[in-house]
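Structure data (mmCIF, C-alpha atoms and all ligand atoms) from model-v6.cif:
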```cif
data_input
#
loop_
_atom_site.label_atom_id
_atom_site.label_comp_id
_atom_site.auth_asym_id
_atom_site.auth_seq_id
_atom_site.Cartn_x
_atom_site.Cartn_y
_atom_site.Cartn_z
CA MET A 1 -0.48 108.66 -70.03
CA SER A 2 -2.09 105.78 -68.17
CA PHE A 3 -0.80 102.22 -67.80
CA ASP A 4 -2.57 98.98 -66.91
CA LEU A 5 0.02 98.15 -64.27
CA LEU A 6 2.91 100.06 -62.73
CA VAL A 7 5.47 98.42 -60.44
CA LYS A 8 7.41 100.96 -58.39
CA ASN A 9 10.91 100.70 -56.92
CA ALA A 10 12.01 97.29 -58.17
CA THR A 11 15.44 95.67 -58.05
CA LEU A 12 16.18 93.71 -61.21
CA PRO A 13 18.18 90.46 -61.48
CA ASP A 14 21.06 92.36 -63.11
CA GLY A 15 21.39 94.50 -59.97
CA ARG A 16 19.69 97.71 -61.14
CA THR A 17 17.74 99.26 -58.27
CA GLY A 18 14.97 101.84 -57.94
CA VAL A 19 13.44 100.86 -61.26
CA ASP A 20 9.78 101.30 -62.21
CA ILE A 21 8.11 98.91 -64.65
CA ALA A 22 5.12 100.06 -66.68
CA CYS A 23 2.82 97.66 -68.54
CA SER A 24 0.15 98.19 -71.18
CA ASN A 25 -1.79 95.69 -73.28
CA GLY A 26 0.14 92.74 -71.88
CA ARG A 27 3.56 94.20 -72.71
CA ILE A 28 6.25 96.02 -70.77
CA THR A 29 6.29 99.56 -72.12
CA ALA A 30 8.88 101.21 -69.87
CA VAL A 31 11.61 100.13 -67.45
CA GLU A 32 13.23 103.18 -65.85
CA PRO A 33 13.44 105.09 -62.58
CA GLY A 34 10.73 107.54 -61.55
CA ILE A 35 7.89 106.87 -64.00
CA ALA A 36 5.26 109.45 -63.08
CA ALA A 37 1.99 108.29 -64.59
CA GLU A 38 -1.41 106.91 -63.70
CA ALA A 39 -2.03 103.19 -63.71
CA ALA A 40 -5.06 100.99 -63.14
CA ARG A 41 -2.99 99.09 -60.59
CA VAL A 42 0.20 100.10 -58.79
CA ILE A 43 2.45 97.66 -56.90
CA ASP A 44 5.12 99.04 -54.62
CA ALA A 45 7.97 96.53 -54.80
CA GLY A 46 9.71 98.37 -51.95
CA GLY A 47 13.19 97.74 -53.38
CA ARG A 48 12.58 94.01 -53.69
CA LEU A 49 13.56 91.77 -56.57
CA VAL A 50 11.35 91.67 -59.65
CA SER A 51 12.39 88.78 -61.84
CA PRO A 52 11.13 87.32 -65.09
CA PRO A 53 9.06 84.20 -64.33
CA PHE A 54 10.65 80.91 -63.38
CA VAL A 55 10.94 78.39 -66.20
CA ASP A 56 11.20 74.63 -65.74
CA SER A 57 12.94 73.04 -68.71
CA HIS A 58 12.45 69.45 -67.58
CA PHE A 59 9.33 67.99 -66.03
CA HIS A 60 7.00 64.96 -66.18
CA MET A 61 3.49 66.30 -65.91
CA ASP A 62 1.80 63.02 -66.83
CA ALA A 63 3.17 61.47 -63.62
CA THR A 64 3.05 64.39 -61.22
CA LEU A 65 1.05 64.17 -57.96
CA SER A 66 0.53 60.43 -58.44
CA LEU A 67 2.53 59.56 -55.33
CA GLY A 68 1.44 56.23 -53.83
CA LEU A 69 -0.37 55.06 -56.98
CA PRO A 70 -0.55 52.13 -57.10
CA ARG A 71 2.17 51.81 -54.43
CA MET A 72 5.26 53.61 -53.11
CA ASN A 73 8.76 53.33 -54.59
CA GLU A 74 10.39 51.68 -51.59
CA SER A 75 14.00 51.66 -52.82
CA GLY A 76 13.75 55.16 -54.29
CA THR A 77 15.77 54.05 -57.31
CA LEU A 78 15.33 55.04 -60.95
CA LEU A 79 14.64 51.47 -62.03
CA GLU A 80 11.97 50.83 -59.38
CA GLY A 81 10.49 54.17 -60.41
CA ILE A 82 10.33 53.09 -64.06
CA ALA A 83 8.82 49.72 -63.02
CA LEU A 84 6.26 51.45 -60.82
CA TRP A 85 5.34 53.86 -63.62
CA GLY A 86 4.82 50.76 -65.80
CA GLU A 87 2.31 49.49 -63.22
CA LEU A 88 0.53 52.84 -63.03
CA LYS A 89 0.33 53.52 -66.77
CA PRO A 90 -2.45 51.03 -67.61
CA LEU A 91 -4.51 52.50 -64.76
CA LEU A 92 -4.30 56.10 -66.00
CA THR A 93 -7.35 57.88 -67.34
CA VAL A 94 -7.37 61.11 -69.32
CA ASP A 95 -9.54 62.80 -66.69
CA ALA A 96 -7.28 61.83 -63.80
CA VAL A 97 -4.12 62.97 -65.58
CA VAL A 98 -5.77 66.26 -66.56
CA GLU A 99 -6.96 66.85 -63.02
CA ARG A 100 -3.54 66.20 -61.45
CA ALA A 101 -1.72 68.25 -64.10
CA LEU A 102 -4.05 71.22 -63.65
CA ARG A 103 -3.54 71.05 -59.89
CA TYR A 104 0.22 71.06 -60.43
CA CYS A 105 -0.11 74.07 -62.76
CA ASP A 106 -2.01 75.94 -60.01
CA LEU A 107 0.90 75.24 -57.68
CA ALA A 108 3.40 76.28 -60.34
CA VAL A 109 1.64 79.59 -60.97
CA SER A 110 1.54 80.32 -57.24
CA GLN A 111 5.35 79.92 -57.26
CA GLY A 112 5.85 82.22 -60.25
CA LEU A 113 6.61 79.26 -62.52
CA LEU A 114 4.97 80.28 -65.79
CA ALA A 115 6.64 78.08 -68.41
CA ILE A 116 7.22 74.33 -68.24
CA ARG A 117 8.65 71.84 -70.71
CA SER A 118 7.08 68.50 -69.84
CA HIS A 119 7.99 65.13 -71.25
CA VAL A 120 4.98 62.92 -71.92
CA ASP A 121 5.32 59.17 -72.17
CA VAL A 122 4.32 57.81 -75.58
CA CYS A 123 4.87 54.12 -74.73
CA ASP A 124 1.19 53.50 -74.22
CA ASP A 125 -0.78 52.67 -77.34
CA ALA A 126 -3.80 54.62 -76.11
CA LEU A 127 -1.59 57.74 -75.71
CA THR A 128 -3.57 58.66 -72.60
CA GLY A 129 -0.91 61.04 -71.29
CA VAL A 130 -0.56 62.75 -74.66
CA GLU A 131 -4.30 63.30 -75.00
CA ALA A 132 -4.50 64.59 -71.42
CA LEU A 133 -1.56 66.97 -71.60
CA LEU A 134 -2.61 68.38 -74.98
CA GLU A 135 -5.88 69.30 -73.30
CA VAL A 136 -4.02 70.76 -70.32
CA ARG A 137 -1.73 72.78 -72.63
CA LYS A 138 -4.80 74.39 -74.15
CA LYS A 139 -6.50 75.01 -70.79
CA VAL A 140 -3.49 76.64 -69.11
CA ALA A 141 -2.36 78.66 -72.15
CA PRO A 142 -3.71 81.97 -70.80
CA TYR A 143 -1.45 81.74 -67.75
CA LEU A 144 1.26 79.15 -68.36
CA ASP A 145 3.32 78.12 -71.39
CA LEU A 146 3.36 74.33 -71.48
CA GLN A 147 5.67 72.74 -74.02
CA LEU A 148 5.39 68.98 -74.54
CA VAL A 149 8.08 66.45 -75.45
CA ALA A 150 7.18 63.06 -76.98
CA PHE A 151 9.09 60.76 -74.64
CA PRO A 152 9.49 57.03 -75.35
CA GLN A 153 10.08 56.09 -71.69
CA ASP A 154 10.50 52.37 -72.43
CA GLY A 155 12.99 52.95 -75.27
CA LEU A 156 12.41 53.90 -78.90
CA TYR A 157 13.52 50.43 -80.06
CA ARG A 158 13.13 48.50 -76.81
CA SER A 159 9.39 49.11 -76.81
CA GLU A 160 7.74 47.64 -79.86
CA THR A 161 5.33 50.45 -80.67
CA ALA A 162 7.29 53.42 -79.33
CA GLU A 163 8.51 54.77 -82.67
CA ARG A 164 5.06 54.68 -84.22
CA ASN A 165 3.51 56.22 -81.09
CA LEU A 166 6.12 58.97 -80.99
CA LEU A 167 5.24 59.95 -84.56
CA ARG A 168 1.52 59.79 -83.71
CA ALA A 169 2.10 62.07 -80.71
CA LEU A 170 4.00 64.61 -82.84
CA ASP A 171 1.21 64.44 -85.36
CA MET A 172 -1.31 65.18 -82.60
CA GLY A 173 0.58 68.39 -81.76
CA VAL A 174 3.30 67.47 -79.27
CA ASP A 175 6.04 70.08 -79.68
CA VAL A 176 9.43 68.42 -79.14
CA VAL A 177 11.13 65.10 -80.02
CA GLY A 178 12.28 63.11 -76.97
CA GLY A 179 14.25 59.93 -76.39
CA ILE A 180 16.19 57.85 -73.90
CA PRO A 181 19.25 56.38 -75.65
CA HIS A 182 20.91 54.97 -72.50
CA PHE A 183 17.82 52.81 -71.89
CA GLU A 184 17.93 51.09 -75.29
CA ARG A 185 19.23 47.52 -75.29
CA THR A 186 22.73 48.30 -76.57
CA MET A 187 25.01 51.29 -77.00
CA GLU A 188 24.54 50.82 -80.76
CA ASP A 189 20.75 50.95 -80.45
CA GLY A 190 21.13 54.05 -78.27
CA ALA A 191 23.27 55.81 -80.87
CA ARG A 192 20.90 54.70 -83.63
CA SER A 193 17.96 56.16 -81.69
CA VAL A 194 19.75 59.51 -81.32
CA ARG A 195 20.33 59.66 -85.08
CA ALA A 196 16.75 58.67 -85.90
CA LEU A 197 15.23 61.15 -83.45
CA CYS A 198 17.37 64.03 -84.71
CA GLU A 199 16.39 63.17 -88.28
CA ILE A 200 12.70 63.21 -87.35
CA ALA A 201 13.17 66.64 -85.73
CA ALA A 202 15.09 67.99 -88.74
CA GLU A 203 12.42 66.76 -91.12
CA LEU A 204 9.53 68.16 -89.09
CA GLY A 205 11.31 71.38 -88.06
CA LEU A 206 11.05 70.55 -84.35
CA MET A 207 13.30 70.78 -81.31
CA VAL A 208 14.94 67.79 -79.63
CA ASP A 209 15.27 67.04 -75.91
CA LEU A 210 16.66 63.64 -74.98
CA HIS A 211 17.03 62.04 -71.58
CA CYS A 212 20.69 61.50 -72.25
CA ASP A 213 23.15 59.39 -70.28
CA GLU A 214 21.13 59.41 -67.04
CA SER A 215 23.50 56.82 -65.72
CA ASP A 216 26.61 56.46 -63.56
CA ASP A 217 28.30 54.56 -66.40
CA PRO A 218 31.23 56.72 -67.52
CA LEU A 219 31.07 55.01 -70.91
CA SER A 220 27.53 56.19 -71.59
CA ARG A 221 28.46 58.74 -74.26
CA HIS A 222 25.27 59.39 -76.20
CA ILE A 223 25.75 63.13 -75.71
CA GLU A 224 28.67 62.84 -78.14
CA THR A 225 26.36 61.42 -80.81
CA LEU A 226 23.71 64.02 -79.97
CA ALA A 227 26.19 66.88 -80.44
CA CYS A 228 27.47 65.36 -83.68
CA GLU A 229 23.97 64.79 -85.13
CA THR A 230 22.96 68.31 -84.14
CA GLN A 231 25.74 69.68 -86.30
CA ARG A 232 25.23 67.24 -89.16
CA LEU A 233 21.55 68.17 -89.42
CA GLY A 234 21.92 71.90 -88.73
CA LEU A 235 19.89 71.76 -85.51
CA GLN A 236 22.13 74.14 -83.53
CA GLY A 237 20.26 75.88 -80.71
CA ARG A 238 17.27 73.55 -81.00
CA VAL A 239 18.65 70.53 -79.12
CA ALA A 240 18.93 69.80 -75.41
CA GLY A 241 20.60 66.98 -73.51
CA SER A 242 18.77 66.30 -70.25
CA HIS A 243 20.46 64.87 -67.15
CA LEU A 244 23.91 64.09 -68.66
CA THR A 245 24.82 62.47 -65.34
CA SER A 246 27.36 60.03 -66.79
CA MET A 247 29.54 63.10 -67.34
CA HIS A 248 29.98 63.22 -63.55
CA SER A 249 31.81 59.89 -63.74
CA MET A 250 33.60 60.29 -67.07
CA ASP A 251 37.33 60.44 -67.51
CA ASN A 252 38.57 64.05 -67.35
CA TYR A 253 40.50 63.79 -70.58
CA TYR A 254 37.42 62.62 -72.47
CA VAL A 255 35.34 65.45 -70.97
CA SER A 256 37.95 67.96 -72.12
CA LYS A 257 37.25 66.79 -75.66
CA LEU A 258 33.49 66.48 -75.19
CA LEU A 259 32.67 69.94 -73.81
CA PRO A 260 33.92 71.87 -76.87
CA LEU A 261 31.89 69.49 -79.08
CA ILE A 262 28.72 70.28 -77.14
CA ALA A 263 29.50 74.01 -77.23
CA GLU A 264 30.24 73.97 -80.95
CA ALA A 265 26.92 72.21 -81.61
CA GLY A 266 24.99 74.73 -79.49
CA VAL A 267 23.38 71.90 -77.50
CA HIS A 268 21.73 73.01 -74.24
CA ALA A 269 22.47 71.07 -71.04
CA ILE A 270 19.72 70.43 -68.50
CA ALA A 271 20.64 69.23 -65.01
CA ASN A 272 17.97 67.94 -62.64
CA PRO A 273 19.60 68.40 -59.23
CA LEU A 274 16.85 67.21 -56.87
CA ILE A 275 16.34 63.98 -58.74
CA ASN A 276 19.88 63.09 -59.65
CA ILE A 277 21.24 63.67 -56.13
CA THR A 278 18.76 61.02 -54.97
CA LEU A 279 18.86 58.59 -57.92
CA GLN A 280 22.52 58.48 -58.90
CA GLY A 281 25.37 56.75 -57.10
CA ARG A 282 23.02 53.99 -55.96
CA HIS A 283 25.50 51.25 -56.72
CA ASP A 284 28.30 52.97 -54.83
CA THR A 285 29.30 52.18 -51.28
CA TYR A 286 31.39 55.09 -50.00
CA PRO A 287 32.36 57.53 -51.31
CA LYS A 288 29.04 57.93 -53.13
CA ARG A 289 29.03 59.95 -56.32
CA ARG A 290 26.73 62.96 -56.53
CA GLY A 291 25.79 62.17 -60.11
CA GLN A 292 25.06 65.73 -61.20
CA THR A 293 26.48 66.76 -64.55
CA ARG A 294 29.50 69.12 -64.55
CA VAL A 295 27.69 72.44 -64.32
CA PRO A 296 30.62 74.86 -63.72
CA GLU A 297 32.64 73.18 -66.46
CA LEU A 298 29.72 73.29 -68.93
CA ARG A 299 29.34 76.96 -68.10
CA ALA A 300 33.04 77.65 -68.60
CA ALA A 301 32.83 75.97 -72.02
CA GLY A 302 30.10 78.45 -73.03
CA ILE A 303 27.23 75.93 -72.98
CA ASN A 304 23.76 77.07 -71.94
CA VAL A 305 22.87 75.24 -68.70
CA ALA A 306 19.39 75.02 -67.20
CA PHE A 307 18.13 73.30 -64.04
CA GLY A 308 14.90 71.29 -64.19
CA HIS A 309 12.56 70.09 -61.45
CA ASP A 310 11.92 66.77 -63.26
CA CYS A 311 9.50 65.27 -60.75
CA VAL A 312 7.10 66.25 -57.98
CA MET A 313 5.42 63.53 -55.90
CA ASP A 314 5.55 60.78 -58.48
CA PRO A 315 7.08 57.27 -58.85
CA TRP A 316 10.62 58.71 -58.90
CA TYR A 317 10.52 61.48 -56.31
CA SER A 318 8.16 61.86 -53.39
CA MET A 319 9.19 65.43 -52.54
CA GLY A 320 9.07 68.76 -54.38
CA SER A 321 6.68 71.68 -54.49
CA GLY A 322 7.09 73.37 -57.86
CA ASP A 323 9.60 75.74 -56.29
CA MET A 324 12.37 76.44 -58.80
CA LEU A 325 14.32 78.25 -56.08
CA GLU A 326 14.63 74.92 -54.27
CA VAL A 327 15.92 73.44 -57.53
CA ALA A 328 18.43 76.28 -57.93
CA SER A 329 19.56 75.87 -54.34
CA MET A 330 20.14 72.14 -54.70
CA GLY A 331 21.94 72.55 -58.04
CA MET A 332 24.20 75.20 -56.58
CA HIS A 333 25.03 73.14 -53.48
CA VAL A 334 25.69 69.91 -55.34
CA ALA A 335 27.96 71.70 -57.83
CA GLN A 336 29.66 73.64 -54.99
CA MET A 337 28.86 76.89 -56.81
CA MET A 338 29.35 79.17 -53.83
CA SER A 339 30.94 82.34 -55.23
CA ARG A 340 28.56 85.32 -55.50
CA ASP A 341 28.87 85.13 -59.27
CA ALA A 342 28.12 81.39 -59.34
CA MET A 343 25.06 81.84 -57.11
CA ARG A 344 23.70 84.53 -59.42
CA TYR A 345 24.32 82.09 -62.26
CA ALA A 346 22.24 79.45 -60.42
CA PHE A 347 19.29 81.89 -60.48
CA ASP A 348 19.75 82.27 -64.24
CA CYS A 349 19.60 78.44 -64.49
CA VAL A 350 15.91 78.56 -63.48
CA THR A 351 14.99 81.72 -65.42
CA VAL A 352 16.81 83.03 -68.51
CA HIS A 353 18.72 79.84 -69.39
CA PRO A 354 15.68 77.53 -69.51
CA ALA A 355 13.75 80.28 -71.35
CA LYS A 356 16.42 79.95 -74.04
CA VAL A 357 16.04 76.14 -74.05
CA LEU A 358 12.29 76.43 -74.61
CA GLY A 359 12.79 79.20 -77.17
CA LEU A 360 10.34 81.49 -75.34
CA ALA A 361 9.63 84.70 -77.24
CA GLY A 362 9.24 88.01 -75.38
CA TYR A 363 10.83 86.73 -72.16
CA GLY A 364 12.51 89.17 -69.78
CA VAL A 365 11.92 92.35 -67.81
CA ASP A 366 12.68 94.66 -70.71
CA VAL A 367 10.75 97.11 -72.86
CA GLY A 368 8.75 95.22 -75.50
CA CYS A 369 8.75 91.91 -73.60
CA ASN A 370 5.62 90.22 -72.33
CA ALA A 371 4.47 91.75 -69.05
CA ASP A 372 5.25 88.53 -67.15
CA PHE A 373 7.23 88.74 -63.92
CA VAL A 374 7.40 87.88 -60.25
CA VAL A 375 7.82 90.17 -57.24
CA LEU A 376 9.87 88.31 -54.63
CA GLN A 377 10.33 88.93 -50.93
CA ALA A 378 14.08 89.20 -51.37
CA ALA A 379 16.63 91.92 -52.05
CA ASP A 380 18.37 90.16 -54.94
CA THR A 381 18.75 86.85 -56.75
CA ILE A 382 21.13 85.30 -54.20
CA GLU A 383 18.78 86.21 -51.35
CA ALA A 384 15.89 84.77 -53.35
CA ILE A 385 17.66 81.39 -53.47
CA ARG A 386 18.81 81.54 -49.86
CA LEU A 387 15.29 82.23 -48.61
CA ARG A 388 13.28 80.34 -51.24
CA ALA A 389 11.67 83.77 -51.21
CA ARG A 390 7.93 84.23 -50.98
CA ARG A 391 6.31 85.21 -54.30
CA LEU A 392 4.47 88.37 -53.33
CA ALA A 393 2.95 88.90 -56.78
CA VAL A 394 2.95 86.88 -59.98
CA VAL A 395 2.10 88.84 -63.11
CA ARG A 396 1.10 87.40 -66.48
CA ARG A 397 0.49 89.72 -69.46
CA GLY A 398 0.16 92.66 -67.09
CA ARG A 399 -2.40 91.03 -64.80
CA VAL A 400 -1.71 89.91 -61.24
CA ILE A 401 -2.62 86.20 -61.23
CA ALA A 402 -1.26 85.20 -57.81
CA GLU A 403 -0.52 87.13 -54.62
CA SER A 404 0.87 86.28 -51.19
CA ASP A 405 1.38 88.25 -48.01
CA PRO A 406 5.01 88.65 -46.97
CA ALA A 407 6.34 85.86 -44.77
CA ILE A 408 6.68 87.47 -41.36
CA THR A 409 6.65 85.60 -38.04
CA ARG A 410 5.42 87.23 -34.82
CA LEU A 411 7.74 86.85 -31.85
CA GLU A 412 6.91 86.87 -28.18
CA LEU A 413 10.27 87.30 -26.49
CA ASP A 414 10.93 89.80 -23.71
CA GLY A 415 13.24 92.56 -24.80
CA ARG A 416 13.41 91.38 -28.42
CA PRO A 417 11.64 92.68 -31.56
CA ASP A 418 8.05 91.58 -31.98
CA HIS A 419 8.58 89.93 -35.36
CA VAL A 420 11.10 88.31 -37.69
CA ASP A 421 11.17 89.05 -41.38
CA ALA A 422 13.75 86.60 -42.75
CA ALA A 423 14.19 88.78 -45.84
CA ALA A 424 15.40 91.68 -43.67
CA TYR A 425 18.66 89.90 -42.92
CA ALA A 426 20.16 90.57 -46.36
CA PRO A 427 23.70 91.98 -46.38
CA GLY A 428 23.68 95.75 -46.09
CA ARG A 429 20.22 95.92 -44.54
FE FE2 A 501 13.09 63.19 -66.78
#
```

As structure tokens, what does this structure read like?
Amino acid sequence: MSFDLLVKNATLPDGRTGVDIACSNGRITAVEPGIAAEAARVIDAGGRLVSPPFVDSHFHMDATLSLGLPRMNESGTLLEGIALWGELKPLLTVDAVVERALRYCDLAVSQGLLAIRSHVDVCDDALTGVEALLEVRKKVAPYLDLQLVAFPQDGLYRSETAERNLLRALDMGVDVVGGIPHFERTMEDGARSVRALCEIAAELGLMVDLHCDESDDPLSRHIETLACETQRLGLQGRVAGSHLTSMHSMDNYYVSKLLPLIAEAGVHAIANPLINITLQGRHDTYPKRRGQTRVPELRAAGINVAFGHDCVMDPWYSMGSGDMLEVASMGMHVAQMMSRDAMRYAFDCVTVHPAKVLGLAGYGVDVGCNADFVVLQAADTIEAIRLRARRLAVVRRGRVIAESDPAITRLELDGRPDHVDAAAYAPGR
């Protein structure tokens, strides 16, 4: 028997070691120790971690890599970011958005990030971003799953044409219904927008992903309406609440009632650690709130939690590199998730959990799944986060689409080894 690709001696995220992974016709056909067969290509993982690809459940690809256009966000706040985006929007062209998005996708692929859910602003009557990202979705399809969310950045009701444009965008092929209830003019308008958006999704058979309560206001409770509407309309498993930062500041008693409601509705929670640690708590003196949603508590309530990158070099965030391990690391630190179990969970927040949010089919390093995975220069998932491990090989449908040499630094110190391999410092090595 001959395979297209055979990976030898892998460690899997669940801790299994010495595993071989065989791939044929774009699928994983065997995952077991000691596969003795020919293959067109053999990769020796050398006991390193082989993980399913990274998945980003929350991104803004229409804005990415636009840093400095037309100016910098000097305060670094959310509101200056939204104002700056408003200045940039009329200057956007389809070609420029496509070019930046494709460049970001190259970066993503190089980091083993092979599925992204991107919001796309529909508050522009020309729908420039929508047209551009639909083209990008088609272009990258062979190597990256791009899912698009129709996002009324300026408010479904606050912006005059947003509702019509959102429906146009869905009609053009955008996948998911988005919204921003906390940015509407009143709490009532926010709640009304949640109901309307869920009804649109129910009618069209689509998923929902709202920017929800991205605020330090403990009384911003649109997640409650979102959970309730999800149940009323039978949308369980198809709805996500992004950010949910107000939960950080909410009263504990109220949260104790809220979490079971979210769990019961099967609503996914998406935290965006890099962005919310920089954008939230801006009106505080000291102590300053972190502003990340309550990840360990959401987990304990049985809610599916994913971490998103949200922004890379755009009006809201001038940093970032498409590295979901950096996202996992920040999320874990901000939430003080420092037990071994919690750190492993943080890795799941950038792999299997967001895959569930996106509803990806055939995801995982298992027999019958798509032959999509990443070989990392790390012994296990915790080491991968600690090191932001080098992606030695990125595989899509059984084909190696990105490769890097191991990160090793030569040393010139008398009486000391001649090199440092940071990954060789793992416990037990
Ligand atoms: Fe966002």

Could you produce a table of the residues of chain A lying within 10 Å of ligand FE2 501 (chain A), with the nearest pair of atoms per residue and their separation in Å rounded to one decimal, using all atoms listed in the file, ordered by chain and increasing residue number, as a Markdown table?
```
| residue | atom | partner | partner_atom | distance |
| --- | --- | --- | --- | --- |
| A:His58 | CA | A:FE2_501 | FE | 6.3 |
| A:Phe59 | CA | A:FE2_501 | FE | 6.1 |
| A:His60 | CA | A:FE2_501 | FE | 6.4 |
| A:Ser118 | CA | A:FE2_501 | FE | 8.6 |
| A:His119 | CA | A:FE2_501 | FE | 7.1 |
| A:Val120 | CA | A:FE2_501 | FE | 9.6 |
| A:Phe151 | CA | A:FE2_501 | FE | 9.1 |
| A:Gln153 | CA | A:FE2_501 | FE | 9.1 |
| A:Ile180 | CA | A:FE2_501 | FE | 9.4 |
| A:Leu210 | CA | A:FE2_501 | FE | 9.0 |
| A:His211 | CA | A:FE2_501 | FE | 6.3 |
| A:Cys212 | CA | A:FE2_501 | FE | 9.5 |
| A:Glu214 | CA | A:FE2_501 | FE | 8.9 |
| A:Ser242 | CA | A:FE2_501 | FE | 7.3 |
| A:His243 | CA | A:FE2_501 | FE | 7.6 |
| A:Ile270 | CA | A:FE2_501 | FE | 10.0 |
| A:Ala271 | CA | A:FE2_501 | FE | 9.8 |
| A:Asn272 | CA | A:FE2_501 | FE | 8.0 |
| A:Ile275 | CA | A:FE2_501 | FE | 8.7 |
| A:Asn276 | CA | A:FE2_501 | FE | 9.8 |
| A:Gly308 | CA | A:FE2_501 | FE | 8.7 |
| A:His309 | CA | A:FE2_501 | FE | 8.7 |
| A:Asp310 | CA | A:FE2_501 | FE | 5.2 |
| A:Cys311 | CA | A:FE2_501 | FE | 7.3 |
| A:Trp316 | CA | A:FE2_501 | FE | 9.4 |
```

Mind writing the picked residues with C-alpha atoms as an mmCIF file, in the coordinates of the input?
```cif
data_model
loop_
_atom_site.group_PDB
_atom_site.id
_atom_site.type_symbol
_atom_site.label_atom_id
_atom_site.label_comp_id
_atom_site.auth_asym_id
_atom_site.auth_seq_id
_atom_site.Cartn_x
_atom_site.Cartn_y
_atom_site.Cartn_z
ATOM 1 C CA HIS A 58 12.450 69.450 -67.580
ATOM 2 C CA PHE A 59 9.330 67.990 -66.030
ATOM 3 C CA HIS A 60 7.000 64.960 -66.180
ATOM 4 C CA SER A 118 7.080 68.500 -69.840
ATOM 5 C CA HIS A 119 7.990 65.130 -71.250
ATOM 6 C CA VAL A 120 4.980 62.920 -71.920
ATOM 7 C CA PHE A 151 9.090 60.760 -74.640
ATOM 8 C CA GLN A 153 10.080 56.090 -71.690
ATOM 9 C CA ILE A 180 16.190 57.850 -73.900
ATOM 10 C CA LEU A 210 16.660 63.640 -74.980
ATOM 11 C CA HIS A 211 17.030 62.040 -71.580
ATOM 12 C CA CYS A 212 20.690 61.500 -72.250
ATOM 13 C CA GLU A 214 21.130 59.410 -67.040
ATOM 14 C CA SER A 242 18.770 66.300 -70.250
ATOM 15 C CA HIS A 243 20.460 64.870 -67.150
ATOM 16 C CA ILE A 270 19.720 70.430 -68.500
ATOM 17 C CA ALA A 271 20.640 69.230 -65.010
ATOM 18 C CA ASN A 272 17.970 67.940 -62.640
ATOM 19 C CA ILE A 275 16.340 63.980 -58.740
ATOM 20 C CA ASN A 276 19.880 63.090 -59.650
ATOM 21 C CA GLY A 308 14.900 71.290 -64.190
ATOM 22 C CA HIS A 309 12.560 70.090 -61.450
ATOM 23 C CA ASP A 310 11.920 66.770 -63.260
ATOM 24 C CA CYS A 311 9.500 65.270 -60.750
ATOM 25 C CA TRP A 316 10.620 58.710 -58.900
#
```

Can you tell me, as a PDB file with C-alpha atoms, keeping the file's coordinate frame, what residues are no more than 12 Å from Asp14 in chain A when counting all atoms listed in the file, ignoring any on the same chain fewer than 3 positions away?
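Ended up saving to out.pdb:
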```pdb
ATOM      1  CA  ALA A  10      12.010  97.290 -58.170  1.00  0.00           C
ATOM      2  CA  THR A  11      15.440  95.670 -58.050  1.00  0.00           C
ATOM      3  CA  THR A  17      17.740  99.260 -58.270  1.00  0.00           C
ATOM      4  CA  VAL A  19      13.440 100.860 -61.260  1.00  0.00           C
ATOM      5  CA  LEU A  49      13.560  91.770 -56.570  1.00  0.00           C
ATOM      6  CA  VAL A  50      11.350  91.670 -59.650  1.00  0.00           C
ATOM      7  CA  SER A  51      12.390  88.780 -61.840  1.00  0.00           C
ATOM      8  CA  PRO A  52      11.130  87.320 -65.090  1.00  0.00           C
ATOM      9  CA  ASP A 341      28.870  85.130 -59.270  1.00  0.00           C
ATOM     10  CA  ARG A 344      23.700  84.530 -59.420  1.00  0.00           C
ATOM     11  CA  TYR A 345      24.320  82.090 -62.260  1.00  0.00           C
ATOM     12  CA  PHE A 347      19.290  81.890 -60.480  1.00  0.00           C
ATOM     13  CA  ASP A 348      19.750  82.270 -64.240  1.00  0.00           C
ATOM     14  CA  VAL A 352      16.810  83.030 -68.510  1.00  0.00           C
ATOM     15  CA  GLY A 364      12.510  89.170 -69.780  1.00  0.00           C
ATOM     16  CA  VAL A 365      11.920  92.350 -67.810  1.00  0.00           C
ATOM     17  CA  ASP A 366      12.680  94.660 -70.710  1.00  0.00           C
ATOM     18  CA  ALA A 379      16.630  91.920 -52.050  1.00  0.00           C
ATOM     19  CA  ASP A 380      18.370  90.160 -54.940  1.00  0.00           C
ATOM     20  CA  THR A 381      18.750  86.850 -56.750  1.00  0.00           C
ATOM     21  CA  ILE A 382      21.130  85.300 -54.200  1.00  0.00           C
TER      22      ILE A 382
END
```

Pick out the closest residue to His182 in chain A from this set: A:Asp213, A:Glu199, A:Asp323, A:Glu163. Count all atoms listed in the file.
A:Asp213

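Each of A:Ser75, A:Leu113, A:Thr128, A:Gly322 was compared to Asp95 in chain A using only C-alpha atoms, and A:Thr128 turns out to be the nearest.
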
I'd like the interatomic distance between CA of Met187 in chain A and CA of Leu258 in chain A, to a tenth of an Å.
17.5 Å

Calculate how many Å separate CA of Leu244 in chain A from CA of Asp314 in chain A, rounding to one decimal.
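The value is 21.3 Å.
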
Draw an axis-aligned box tight on the listed atoms of range 269-275 of chain A, then pad every side by 6 Å and write out centre and edge lengths in Å to one decimal as JSON.
```
{"center_x": 19.4, "center_y": 67.5, "center_z": -64.0, "size_x": 18.1, "size_y": 19.1, "size_z": 26.2}
```

Considering only C-alpha atoms, can you say which of A:Val367, A:Cys198, A:Ala301, A:Val98 comes closest to Glu32 in chain A?
A:Val367

Please provide as a PyMOL selection string all residues within 8 Å of Gly331 in chain A, with the sequence filter that same-chain residues fewer than 2 positions apart are discarded (counting all atoms listed in the file).
chain A and resi 271-274+307+327-329+333-335+346
